[in-house]
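**Q** This is the structure, below, for whatever I ask next.
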Amino acid sequence: MKVFKDILTGDEMFTDTYKYELIDDAFYMVIGKNTTVTEGNIELAGANPSAEEADEGTESSSVSGIDVVLFMRLQETGFGSKKDYLTYMKGYLKALKQKLGENSPEAEKLPGIQKPLTEILKNFKDLQFFTGESMSPDGMIALADYKEMDGEERPVLYFPKLGLLEEKL
């Protein structure tokens, strides 16, 4: 299994267990699904909950959301305007360029992010923004949107490719 980490913060952003594709060699588009997770509820196939558990009246809480966000412990954040997001992105790309090395082949590819980013930001008012578990203001922010796929609307998250370190587990 591969895990993709934010190279600036070390936060785990997604794994290869999710379906993903590369967009214009600039973003990974990770296809998620909406799910509900119940805390402390472990169900085995074919098992019935015991009568004792039902009598205990145990309270459980459940959380609904995008599977990638829930399981990778991404934290929702936001921007007041597209201009605020672009200001963040300018600073993020500058930090990324320093981390990669000013004249490295990877840093030379950073301007290539502009065209696909412009396309993604066309739906700015519909986007959600997620940062890594550490919630570092210097880290990567993934963009989430919904796309029609195979006749159903599915959540997709966009992660800047050059900001990720691929680690094999």
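Please note that chains go A, B, ... in the order of the structure tokens, that every chain numbers its residues from 1, and that ligands are numbered from 1 in the order shown.
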So that I can see what lies close to Val69 (chain A), please list as a PyMOL selection string the residues with an atom at most 10 Å from it, counting only C-alpha atoms and leaving out residues fewer than 3 positions away in the same chain.

**A** chain A and resi 13-14+32-34+65-66+72-76+130-133+142+144+157

**Q** So that I have them on file, write out the residues from the current selection with C-alpha atoms, as a PDB file, in the first residue's frame.

**A**
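Produced file part.pdb, reproduced below:
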```pdb
ATOM      1  CA  MET A  13      -3.532  12.949   2.909  1.00  0.00           C
ATOM      2  CA  PHE A  14      -4.729   9.760   1.129  1.00  0.00           C
ATOM      3  CA  GLY A  32     -14.451   9.243  -2.571  1.00  0.00           C
ATOM      4  CA  LYS A  33     -17.887   8.250  -1.417  1.00  0.00           C
ATOM      5  CA  ASN A  34     -20.256   9.504   1.230  1.00  0.00           C
ATOM      6  CA  GLY A  65     -18.991  12.535   5.458  1.00  0.00           C
ATOM      7  CA  ILE A  66     -16.573  11.724   2.668  1.00  0.00           C
ATOM      8  CA  MET A  72      -7.488  10.146   6.790  1.00  0.00           C
ATOM      9  CA  ARG A  73      -8.573  12.543   9.574  1.00  0.00           C
ATOM     10  CA  LEU A  74      -8.588  15.589   7.303  1.00  0.00           C
ATOM     11  CA  GLN A  75      -9.927  18.766   8.886  1.00  0.00           C
ATOM     12  CA  GLU A  76     -12.330  21.130   7.156  1.00  0.00           C
ATOM     13  CA  PHE A 130      -9.591  20.250   3.843  1.00  0.00           C
ATOM     14  CA  THR A 131      -6.221  20.435   5.547  1.00  0.00           C
ATOM     15  CA  GLY A 132      -4.186  17.630   7.085  1.00  0.00           C
ATOM     16  CA  GLU A 133      -4.635  16.282  10.596  1.00  0.00           C
ATOM     17  CA  ALA A 142      -7.212  19.733  -0.637  1.00  0.00           C
ATOM     18  CA  ALA A 144     -13.417  18.856  -2.592  1.00  0.00           C
ATOM     19  CA  LEU A 157     -10.807  15.625  -3.746  1.00  0.00           C
TER      20      LEU A 157
END
```

**Q** When you look at Gly78 (chain A) with a cut-off of 10 Å (counting only C-alpha atoms), what residues show up, excluding the ones that are within fewer than 6 positions of it in the same chain? I need them as a PyMOL selection string.

**A** chain A and resi 84-85+127-131+141

**Q** Which value, in Å to one decimal, gives the distance between CA of Thr17 (chain A) and CA of Met1 (chain A)?

**A**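 Result for CA of Thr17 (chain A) versus CA of Met1 (chain A): 7.3 Å, one decimal.
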
**Q** Can you list, as a short mmCIF file (atom, residue, chain, number, x, y, z; two decimals) with N, CA, C and O atoms, in the first residue's frame, every residue of region 16-135 of chain A that DSSP puts in strand (DSSP E)?

**A**
```
data_model
loop_
_atom_site.label_atom_id
_atom_site.label_comp_id
_atom_site.auth_asym_id
_atom_site.auth_seq_id
_atom_site.Cartn_x
_atom_site.Cartn_y
_atom_site.Cartn_z
N LYS A 19 -9.68 5.08 -5.25
CA LYS A 19 -9.50 5.24 -6.69
C LYS A 19 -9.04 6.67 -6.95
O LYS A 19 -9.63 7.62 -6.42
N TYR A 20 -7.98 6.83 -7.73
CA TYR A 20 -7.49 8.18 -8.03
C TYR A 20 -6.91 8.22 -9.43
O TYR A 20 -6.58 7.20 -10.02
N GLU A 21 -6.83 9.43 -9.97
CA GLU A 21 -6.22 9.63 -11.29
C GLU A 21 -5.47 10.96 -11.29
O GLU A 21 -5.75 11.85 -10.49
N LEU A 22 -4.52 11.05 -12.19
CA LEU A 22 -3.69 12.25 -12.31
C LEU A 22 -4.33 13.20 -13.33
O LEU A 22 -4.69 12.79 -14.43
N ILE A 23 -4.48 14.46 -12.95
CA ILE A 23 -5.07 15.47 -13.82
C ILE A 23 -3.97 16.44 -14.27
O ILE A 23 -3.36 17.11 -13.44
N PHE A 27 -2.51 17.59 -10.43
CA PHE A 27 -3.35 17.23 -9.29
C PHE A 27 -3.69 15.75 -9.33
O PHE A 27 -3.91 15.20 -10.40
N TYR A 28 -3.76 15.16 -8.14
CA TYR A 28 -4.37 13.85 -8.02
C TYR A 28 -5.84 14.10 -7.70
O TYR A 28 -6.16 14.85 -6.78
N MET A 29 -6.72 13.49 -8.50
CA MET A 29 -8.15 13.56 -8.22
C MET A 29 -8.53 12.24 -7.56
O MET A 29 -8.45 11.18 -8.18
N VAL A 30 -8.88 12.29 -6.28
CA VAL A 30 -9.22 11.10 -5.52
C VAL A 30 -10.74 11.01 -5.44
O VAL A 30 -11.41 11.96 -5.04
N ILE A 31 -11.27 9.86 -5.86
CA ILE A 31 -12.71 9.67 -5.89
C ILE A 31 -13.15 9.02 -4.57
O ILE A 31 -12.70 7.94 -4.23
N ASN A 34 -19.65 9.08 -0.03
CA ASN A 34 -20.26 9.50 1.23
C ASN A 34 -20.51 8.27 2.08
O ASN A 34 -20.98 7.25 1.57
N THR A 35 -20.19 8.35 3.35
CA THR A 35 -20.33 7.21 4.24
C THR A 35 -20.70 7.68 5.64
O THR A 35 -20.55 8.85 5.97
N THR A 36 -21.16 6.75 6.44
CA THR A 36 -21.45 7.02 7.85
C THR A 36 -20.67 6.02 8.68
O THR A 36 -20.70 4.82 8.41
N VAL A 37 -19.94 6.51 9.66
CA VAL A 37 -19.14 5.67 10.54
C VAL A 37 -19.71 5.80 11.95
O VAL A 37 -19.86 6.91 12.46
N THR A 38 -20.01 4.65 12.57
CA THR A 38 -20.52 4.65 13.93
C THR A 38 -19.38 4.29 14.87
O THR A 38 -18.73 3.26 14.70
N SER A 62 -22.42 8.63 15.59
CA SER A 62 -22.01 8.35 14.23
C SER A 62 -21.66 9.66 13.53
O SER A 62 -22.16 10.73 13.90
N VAL A 63 -20.78 9.54 12.57
CA VAL A 63 -20.31 10.68 11.81
C VAL A 63 -20.50 10.36 10.33
O VAL A 63 -20.14 9.28 9.88
N SER A 64 -21.06 11.30 9.59
CA SER A 64 -21.23 11.13 8.15
C SER A 64 -20.32 12.09 7.41
O SER A 64 -20.06 13.19 7.90
N GLY A 65 -19.85 11.67 6.27
CA GLY A 65 -18.99 12.53 5.46
C GLY A 65 -18.33 11.76 4.33
O GLY A 65 -18.72 10.63 4.03
N ILE A 66 -17.32 12.35 3.76
CA ILE A 66 -16.57 11.72 2.67
C ILE A 66 -15.58 10.76 3.28
O ILE A 66 -14.84 11.11 4.21
N GLN A 75 -9.15 17.78 8.14
CA GLN A 75 -9.93 18.77 8.89
C GLN A 75 -10.46 19.83 7.93
O GLN A 75 -9.70 20.38 7.13
N GLU A 76 -11.74 20.13 8.05
CA GLU A 76 -12.33 21.13 7.16
C GLU A 76 -11.87 22.53 7.55
O GLU A 76 -11.71 22.85 8.72
N THR A 77 -11.62 23.33 6.55
CA THR A 77 -11.23 24.72 6.73
C THR A 77 -12.00 25.52 5.68
O THR A 77 -12.80 24.95 4.94
N GLN A 128 -15.35 22.58 -1.04
CA GLN A 128 -15.01 22.46 0.37
C GLN A 128 -13.49 22.36 0.43
O GLN A 128 -12.86 21.90 -0.53
N PHE A 129 -12.91 22.75 1.56
CA PHE A 129 -11.46 22.77 1.69
C PHE A 129 -11.07 21.95 2.92
O PHE A 129 -11.68 22.08 3.98
N PHE A 130 -10.03 21.11 2.75
CA PHE A 130 -9.59 20.25 3.84
C PHE A 130 -8.08 20.32 3.99
O PHE A 130 -7.35 20.26 3.01
N THR A 131 -7.64 20.42 5.23
CA THR A 131 -6.22 20.43 5.55
C THR A 131 -5.89 19.12 6.25
O THR A 131 -6.78 18.38 6.63
#
```

**Q** Taking the DSSP secondary structure from the backbone, can you list the residues of chain A that are helix (DSSP H, G or I), as a ChimeraX atom specification?

**A** /A:51-56,67-71,82-100,105-108,110-126,161-163

**Q** Looking at only C-alpha atoms, which of A:Lys147, A:Glu153, A:Thr15, A:Leu162 is the one that sits closest to Lys97 (chain A)?

**A**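 The answer is A:Leu162, which sits nearest to Lys97 (chain A).
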
**Q** Between CA of Phe4 (chain A) and CA of Met140 (chain A), what distance in Å does the model show, to one decimal?

**A** 11.8 Å

**Q** Tell me which of A:Leu110, A:Leu100, A:Met135, A:Ala26 sits closest to Pro160 (chain A), counting only C-alpha atoms.

**A**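 The answer is A:Ala26, which sits nearest to Pro160 (chain A).
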
**Q** Using only C-alpha atoms for the distances, tell me which of A:Phe79, A:Lys94, A:Thr87, A:Glu167 is nearest to Leu143 (chain A).

**A**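 Nearest to Leu143 (chain A): A:Phe79.
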
**Q** In Å, with one decimal, what is the gap from CA of Asp145 (chain A) to CA of Asn123 (chain A)?

**A** 8.2 Å
